[in-house]
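Student: Mind looking over this structure? Questions follow.
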Amino acid sequence: MSASQNLIKSSHLVSQGAEAASRLSFPCLQKYQCPKVYKAHLTPDSPPLLLKYRFQKQYRHPSLDVNLTRSRIAGEARALLKCLRSGVNVPGIRMVDATEGVLGIEWIEGQSVRKLLPGESEGDDEGEGEVGEEPTDEEKLDALKEYGVSIDQLMSLIGTEIAKMHLADVIHGDLTTSNMILRRPSSSSIPDIPTQTQLFLIDFGLSYTSSLIEDKAVDLYVLERAFSSTHPDSSLMFTGVLAAYQKKMGEKRWGVVKARLDDVRLRGRKRSMVG
Amino acid sequence: MPGRTRKETPLKNPDRPYLALGLEGSANKLGAGIIKHLEDGSTSVLSNVRHTYITPPGEGFQPRDTALHHREWALKVISDCLSKAGVSIHDVDCICFTKGPGMGAPLQSVALVARTLSLLYNKPLVGVNHCVGHIEMGRDITGAQNPVVLYVSGGNTQVIAYSRQCYRIFGETLDIAVGNCLDRFARVINLSNDPSPGYNIEQEAKKGKRLVSLPYTTKGMDISLSGILSSVEAYTTDKRFKPEASLSDQEDIITPADLCFSLQETVFAMLVEITERAMAHIGSKEVLIVGGVGCNERLQEMMGVMAQERNAKVFATDERFCIDNGIMIAQAGLLSYRMGFQTPLAKSSCTQRFRTDQVHVSWRA
């Protein structure tokens with residue numbers, strides 16, 4: 001058995017995709033291409049780290065799956081490194097094992113932005129086993145207060161972080177509110193020094209490097225769609241994100257991205273072309 | 001149900017049985033169906049008749065010829081549908097027709113039939129969104145409550161989830177639809193269009209063994225398929241490509257079966273992946289596959305494996321309800337009719353562009 005597998009065996013499964021996420025201490029780790037996510041310790045006293053294990057997808061042809069897994073692990077590690085060097089708030093890398101499909105990254109204590117914003121899309125109405133209730137909108141606003149930020153400030157944190165990432169020519173590829181964590185103010189790595197609430201971007205499994213305006217615009221468009229489908233009536237919020245993005249990018253760069261974003265919005269099939 | 005109480009559905013059980021006639025002709029299938037909604041809230045399909053316009057191998061269906069086909073068959077299909085159901089057209093409550101999306105000419109010829117019937121028998125018209133028809137029929141047949149819907153057909157490829165009286169599109173194709181991609185490739189390798197090119201691709205793919213490398217193009221929650229089509233077409237001019245493939249296994253050859261297999265594996269893996277992501281994002285435990293490509297058993301199998309990995313359930317229907325049909329138009333139309341919706345004659349036009357998320361889903365909570 002490889003070292004990575006030993007480590008996984010000794011650790012604690014946090015989530016697989018969105019399933020069961022709301023009941024556990026670290027609900028932001030919804031993930032999609034659905035790696036299993038574990039909380040692990042390299043040594044008993046070391047700070048916890050997060051293991052993402054991309055197990056083999058049975059539905060995919062094995063050779064297709066192996067190639068995809070390997071390139072996504074490597075891509076994720078590369079993108080994280082690039083972001084770290086450019087000062088984007090992302091979790092630090094602790095280990096990479098591309099053959100086994102395991103990536104170990106820094107553990108961030110906090111809450112996903114999706115859970116902090118009002119207007120959840122109604123999830124599973126079946127309700128079986130869904131005891132871990134979705135908080136109501138008011139509870140979410142209270143939770144947000146704990147972090148000491150308003151919705152407007154949160155939006156501007158999001159916009160700034162994305163702009164920093166795009167300035168480093170990293171394209172996230174899957175920007176959603178599930179893929180952003182607000183870190184608890186008290187949980188910085190150096191205790192006793194209170195830090196500001198910080199926003200972290202996570203899950204770079206579909207990311208890549210590109211300096212093309214097109215890719216940046218699509219990245220923003222993906223987020224816009226995620227906002228409108230998960231948080232109805234959120235267009236004002238997204239405007240806040242763009243305003244902060246604009247500020248960080250600078251007028252000149254923003255101008256071209258904005259023009260392309262308007263273009264990208266017209267894509268998708270069967271749109272009414274009237275007016 | 002523990003915790004959160006389900007919101008009450010705005011749709012009341014009917015005080016008497018309701019009947020609706022549904023007419024569909026947005027592509028090469030002409031369909032008519034009669035649905036009945038009973039006082040206890042259940043539905044029953046009284047008849048579901050379809051006639052498909054089939055073109056020779058290597059050819060697609062042109063809008064003009066398809067419209068001609070629909071015009072020729074409309075009366076036969078409708079009278080078959082009424083006699084199978086054993087009802088008279090005087091008994092139906094409303095006449096539902098496909099308003100869009102689809103090909104303009106076929107849509108118009110069917111809408112014309114619907115308008116004529118409406119005037120002749122003095123029945124109200126209900127214009128229906130084709131995609132919503134698929135979703136509502138799928139929900140009714142399978143009993144899925146609030147599924148993530150993968151809608152895959154010759155003209156549409158969308159991942160849809162319901163929220164606040166709207167079917168929201170999570171991801172979709174940016175260029176061609178998946179059925180279009182498969183059909184067009186069937187034409188390249190000259191597969192028959194009978195019963196459907198997609199079905200013949202599926203049969204051919206069962207013989208394929210070799211997975212050739214194709215682009216894997218997910219872009220955010222969306223996918224792009226036209227490049228894959230070009231790329232798989234390019235293999236047919238490859239030196240290793242041998243159309244007559246009864247040769248021995250050792251040789252380094254690519255057969256049409258291999259290409260069908262590779263195309264299906266790659267494209268379906270992308271579809272399953274974006275569906276899985278939508279499920280994870282909204283936390284749903286149900287997935288419903290609708291649309292013509294939804295009959296593909298390999299796609300259903302892959303979706304099943306994915307669902308099992310995450311403890312979810314897959315709902316799919318067979319060709320009677322997957323492939324375009326009149327009954328789904330009747331179902332969605334009758335639901336909105338019972339909520340008081342009617343399409344006045346002056347507004348009974350059709351449109352080729354009619355997105356799923358433009359419909360106000362008044363009958364769901």
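Ordering of the structure tokens sets the chain letters (A, B, ...), residue numbers begin anew at 1 in every chain, and ligands are numbered from 1 in the order given.
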Check segment 24-104 of chain A with DSSP on the backbone and list each residue it calls helix (DSSP H, G or I), as an MDAnalysis selection string.

Tutor: chainID A and resid 62:85

Student: May I have all residues of segment 33-194 of chain B that DSSP, computed from the backbone, assigns to strand (DSSP E), given as a CSV table (one decimal) with N, CA and C atoms, in the first residue's frame?

Tutor:
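Final file, selection-v5.csv:
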chain,number,residue,atom,x,y,z
B,33,GLY,N,-51.1,13.1,-28.9
B,33,GLY,CA,-51.4,12.3,-27.7
B,33,GLY,C,-52.6,12.9,-26.9
B,34,ILE,N,-53.3,12.0,-26.2
B,34,ILE,CA,-54.4,12.4,-25.3
B,34,ILE,C,-54.0,12.0,-23.9
B,35,ILE,N,-54.1,13.0,-23.0
B,35,ILE,CA,-53.8,12.7,-21.6
B,35,ILE,C,-55.1,13.1,-20.8
B,36,LYS,N,-55.2,12.3,-19.7
B,36,LYS,CA,-56.4,12.5,-18.9
B,36,LYS,C,-55.9,12.8,-17.4
B,37,HIS,N,-56.4,13.9,-16.8
B,37,HIS,CA,-56.1,14.1,-15.4
B,37,HIS,C,-57.3,13.8,-14.6
B,43,THR,N,-52.7,10.8,-13.4
B,43,THR,CA,-52.8,11.1,-14.8
B,43,THR,C,-52.8,9.8,-15.5
B,44,SER,N,-53.5,9.7,-16.7
B,44,SER,CA,-53.4,8.5,-17.5
B,44,SER,C,-53.2,8.9,-19.0
B,45,VAL,N,-52.4,8.1,-19.6
B,45,VAL,CA,-52.1,8.3,-21.0
B,45,VAL,C,-53.1,7.5,-21.8
B,46,LEU,N,-53.9,8.2,-22.6
B,46,LEU,CA,-55.0,7.4,-23.3
B,46,LEU,C,-54.4,7.0,-24.7
B,47,SER,N,-53.6,7.8,-25.3
B,47,SER,CA,-53.0,7.4,-26.5
B,47,SER,C,-51.8,8.3,-26.8
B,48,ASN,N,-50.9,7.7,-27.6
B,48,ASN,CA,-49.6,8.4,-27.9
B,48,ASN,C,-49.2,7.9,-29.2
B,49,VAL,N,-49.5,8.7,-30.3
B,49,VAL,CA,-49.2,8.2,-31.6
B,49,VAL,C,-48.1,9.1,-32.2
B,50,ARG,N,-47.2,8.4,-33.0
B,50,ARG,CA,-46.1,9.2,-33.6
B,50,ARG,C,-45.8,8.7,-35.0
B,51,HIS,N,-45.4,9.6,-35.8
B,51,HIS,CA,-44.9,9.2,-37.1
B,51,HIS,C,-43.6,10.0,-37.4
B,52,THR,N,-42.6,9.3,-37.8
B,52,THR,CA,-41.2,9.9,-37.9
B,52,THR,C,-40.9,10.0,-39.4
B,94,CYS,N,-58.7,21.2,-23.9
B,94,CYS,CA,-57.9,22.2,-24.6
B,94,CYS,C,-57.0,21.5,-25.6
B,95,ILE,N,-56.5,22.2,-26.6
B,95,ILE,CA,-55.6,21.7,-27.6
B,95,ILE,C,-54.2,22.4,-27.3
B,96,CYS,N,-53.3,21.5,-27.1
B,96,CYS,CA,-51.9,22.0,-26.7
B,96,CYS,C,-51.0,21.8,-28.0
B,97,PHE,N,-50.2,22.7,-28.2
B,97,PHE,CA,-49.3,22.6,-29.4
B,97,PHE,C,-47.9,23.1,-28.9
B,98,THR,N,-46.9,22.7,-29.7
B,98,THR,CA,-45.5,23.1,-29.4
B,98,THR,C,-45.3,24.5,-29.9
B,99,LYS,N,-45.0,25.5,-29.0
B,99,LYS,CA,-44.8,26.8,-29.4
B,99,LYS,C,-43.3,27.0,-29.9
B,100,GLY,N,-42.4,26.2,-29.3
B,100,GLY,CA,-41.0,26.3,-29.6
B,100,GLY,C,-40.3,25.6,-28.5
B,125,LEU,N,-56.7,27.1,-27.0
B,125,LEU,CA,-55.3,26.7,-27.3
B,125,LEU,C,-54.4,26.9,-26.2
B,126,VAL,N,-53.4,26.0,-26.0
B,126,VAL,CA,-52.3,26.2,-25.1
B,126,VAL,C,-51.0,26.0,-25.7
B,127,GLY,N,-50.2,27.0,-25.8
B,127,GLY,CA,-48.8,26.9,-26.4
B,127,GLY,C,-47.9,26.4,-25.3
B,128,VAL,N,-47.0,25.4,-25.7
B,128,VAL,CA,-46.2,24.8,-24.7
B,128,VAL,C,-44.7,24.9,-25.2
B,129,ASN,N,-43.9,25.1,-24.2
B,129,ASN,CA,-42.4,25.0,-24.4
B,129,ASN,C,-42.0,23.5,-24.5
B,148,VAL,N,-32.6,16.9,-10.7
B,148,VAL,CA,-31.8,17.6,-11.7
B,148,VAL,C,-32.1,16.9,-13.0
B,149,VAL,N,-32.4,17.7,-14.1
B,149,VAL,CA,-32.8,17.1,-15.3
B,149,VAL,C,-31.7,17.3,-16.4
B,150,LEU,N,-31.3,16.2,-17.0
B,150,LEU,CA,-30.4,16.2,-18.1
B,150,LEU,C,-31.3,16.1,-19.3
B,151,TYR,N,-31.4,17.1,-20.1
B,151,TYR,CA,-32.2,17.1,-21.3
B,151,TYR,C,-31.3,17.0,-22.5
B,152,VAL,N,-31.3,15.9,-23.2
B,152,VAL,CA,-30.4,15.7,-24.3
B,152,VAL,C,-31.2,15.2,-25.5
B,157,THR,N,-29.3,20.4,-25.4
B,157,THR,CA,-28.5,19.8,-24.5
B,157,THR,C,-28.4,20.7,-23.3
B,158,GLN,N,-29.1,20.4,-22.2
B,158,GLN,CA,-29.1,21.3,-21.1
B,158,GLN,C,-29.2,20.5,-19.8
B,159,VAL,N,-28.5,21.1,-18.7
B,159,VAL,CA,-28.7,20.5,-17.4
B,159,VAL,C,-29.6,21.5,-16.7
B,160,ILE,N,-30.7,21.1,-16.1
B,160,ILE,CA,-31.7,22.0,-15.6
B,160,ILE,C,-32.1,21.6,-14.2
B,161,ALA,N,-32.3,22.6,-13.4
B,161,ALA,CA,-32.8,22.4,-12.0
B,161,ALA,C,-33.9,23.4,-11.7
B,162,TYR,N,-34.9,22.9,-11.0
B,162,TYR,CA,-36.1,23.7,-10.7
B,162,TYR,C,-35.8,24.6,-9.5
B,167,TYR,N,-37.6,26.6,-14.4
B,167,TYR,CA,-36.6,25.6,-14.7
B,167,TYR,C,-35.3,26.3,-15.1
B,168,ARG,N,-34.4,26.4,-14.2
B,168,ARG,CA,-33.1,27.1,-14.5
B,168,ARG,C,-32.1,26.3,-15.2
B,169,ILE,N,-31.4,26.9,-16.1
B,169,ILE,CA,-30.4,26.1,-16.9
B,169,ILE,C,-29.1,26.3,-16.2
B,170,PHE,N,-28.6,25.2,-15.7
B,170,PHE,CA,-27.3,25.2,-15.0
B,170,PHE,C,-26.1,25.2,-16.0
B,171,GLY,N,-26.3,24.3,-17.0
B,171,GLY,CA,-25.2,24.2,-18.0
B,171,GLY,C,-25.9,23.8,-19.3
B,172,GLU,N,-25.2,24.1,-20.4
B,172,GLU,CA,-25.8,23.7,-21.7
B,172,GLU,C,-24.7,23.6,-22.7

Student: Measure the distance from atom CA of Tyr59 of chain A to atom CA of Thr237 of chain B in Å and round it to one decimal.

Tutor: 29.7 Å

Student: Tell me, as JSON, numbers by chain, which residues lie within 10 Å of Ile223 of chain B, counting only C-alpha atoms; anything in the same chain fewer than 5 positions away does not count.

Tutor: {"B": [157, 158, 171, 172, 173, 174, 175, 176, 177, 178, 216, 217, 218, 267, 270, 271, 274]}

Student: Write the residues of the selection above to a file with C-alpha atoms, as a compact mmCIF listing (two decimals), in the first residue's frame.

Tutor:
# COMPACT_ATOMS: atom_id res chain seq x y z
CA THR B 157 -28.47 19.77 -24.46
CA GLN B 158 -29.15 21.27 -21.06
CA GLY B 171 -25.21 24.16 -17.99
CA GLU B 172 -25.80 23.70 -21.67
CA THR B 173 -24.03 23.20 -24.93
CA LEU B 174 -22.36 26.25 -26.39
CA ASP B 175 -22.63 25.09 -29.96
CA ILE B 176 -24.36 21.97 -31.29
CA ALA B 177 -26.62 19.61 -29.37
CA VAL B 178 -25.39 16.16 -28.46
CA TYR B 216 -12.70 16.69 -23.59
CA THR B 217 -14.33 20.08 -23.65
CA THR B 218 -16.16 21.14 -20.54
CA VAL B 267 -19.35 12.91 -24.95
CA MET B 270 -18.79 15.08 -20.22
CA LEU B 271 -22.57 15.07 -19.86
CA ILE B 274 -21.68 18.36 -15.63

Student: Which polymer residues have any atom within 9 Å of an atom of Leu220 of chain A, counting only C-alpha atoms, with same-chain residues fewer than 3 positions away left out, as JSON, numbers by chain?

Tutor: {"A": [162, 175, 215, 216, 217, 223, 224, 225, 242, 261]}

Student: Restricted to N, CA and C atoms, what would the selected residues look like written as a short mmCIF file (atom, residue, chain, number, x, y, z; two decimals), in the first residue's frame?

Tutor:
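Final output, again-v2.cif:
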data_model
loop_
_atom_site.label_atom_id
_atom_site.label_comp_id
_atom_site.auth_asym_id
_atom_site.auth_seq_id
_atom_site.Cartn_x
_atom_site.Cartn_y
_atom_site.Cartn_z
N ILE A 162 -10.65 37.45 -7.22
CA ILE A 162 -10.70 36.95 -8.60
C ILE A 162 -9.80 37.79 -9.50
N LEU A 175 -15.76 28.79 -11.18
CA LEU A 175 -16.05 29.72 -10.10
C LEU A 175 -17.53 29.61 -9.71
N ASP A 215 -10.92 33.88 -21.93
CA ASP A 215 -10.98 32.95 -20.82
C ASP A 215 -11.38 33.65 -19.52
N LYS A 216 -10.87 34.86 -19.33
CA LYS A 216 -11.23 35.60 -18.12
C LYS A 216 -12.70 35.96 -18.12
N ALA A 217 -13.18 36.36 -19.29
CA ALA A 217 -14.58 36.73 -19.38
C ALA A 217 -15.48 35.52 -19.12
N LEU A 223 -19.31 32.42 -13.06
CA LEU A 223 -19.69 32.85 -11.71
C LEU A 223 -21.04 33.57 -11.72
N GLU A 224 -21.26 34.38 -12.73
CA GLU A 224 -22.52 35.10 -12.81
C GLU A 224 -23.69 34.12 -12.88
N ARG A 225 -23.50 33.09 -13.71
CA ARG A 225 -24.57 32.09 -13.83
C ARG A 225 -24.75 31.34 -12.53
N LEU A 242 -18.28 42.66 -9.54
CA LEU A 242 -17.63 43.24 -10.72
C LEU A 242 -16.98 44.59 -10.41
N LEU A 261 -17.10 40.17 -21.86
CA LEU A 261 -18.13 39.58 -21.00
C LEU A 261 -19.52 39.84 -21.59
#

Student: What is the atom CA of Glu319 of chain B-atom CA of Ala111 of chain B distance in Å, reported with one decimal?

Tutor: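 A separation of 24.0 Å between them.
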
Student: For segment 334-344 of chain B, work out the shell of residues within 7 Å, counting only C-alpha atoms and skipping chain neighbours fewer than 4 positions away, then give it as a list in words.

Tutor: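 Skipping anything fewer than 4 positions along the chain leaves Leu11, Ala20, Pro124, Leu125, Val126, Gly127, Ala330, Ser348, Ser362 and Trp363 of chain B.
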
Student: Grab the atom CA of Pro47 of chain A to atom CA of Ser207 of chain A distance for me, in Å with one decimal place.

Tutor: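 If I compute the distance from atom CA of Pro47 of chain A to atom CA of Ser207 of chain A, I get 26.7 Å.
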
Student: Would you please work out which residue, of B:Tyr199, B:Tyr235, B:Phe354, B:Phe321, is nearest to chain A when using only C-alpha atoms?

Tutor: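 Nearest candidate to chain A out of B:Tyr199, B:Tyr235, B:Phe354, B:Phe321: B:Phe354.
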
Student: Need the shell around segment 244-254 of chain A: protein/DNA/RNA residues with any atom at most 12 Å away, counting only C-alpha atoms. Skip same-chain ones fewer than 2 positions apart. Format as a PyMOL selection string?

Tutor: chain A and resi 152-169+211-213+216-217+220+237-242+256-261

Student: Could you check which of A:Asp65, A:Glu138, A:Asp174, A:Glu100 is closest to His281 of chain B, using only C-alpha atoms?

Tutor: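 Nearest candidate to His281 of chain B out of A:Asp65, A:Glu138, A:Asp174, A:Glu100: A:Asp174.
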
Student: Counting only C-alpha atoms, which of B:Asn13, B:Gln331, B:Thr275, B:Asn122 gets nearest to chain A?

Tutor: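 So, comparing all the options, the nearest one is B:Thr275.
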
Student: Could you check which of B:Thr266, B:Ser349, B:Gln203, B:Thr55 is closest to chain A, using only C-alpha atoms?

Tutor: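 For chain A, the nearest of the given residues is B:Thr266.
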
Student: Considering only C-alpha atoms, state which residue in the set B:Val212, B:Leu21, B:Leu30, B:Met103 is at the smallest distance from Asp252 of chain B.

Tutor: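 With only C-alpha atoms as the atom set, the closest residue is B:Val212.
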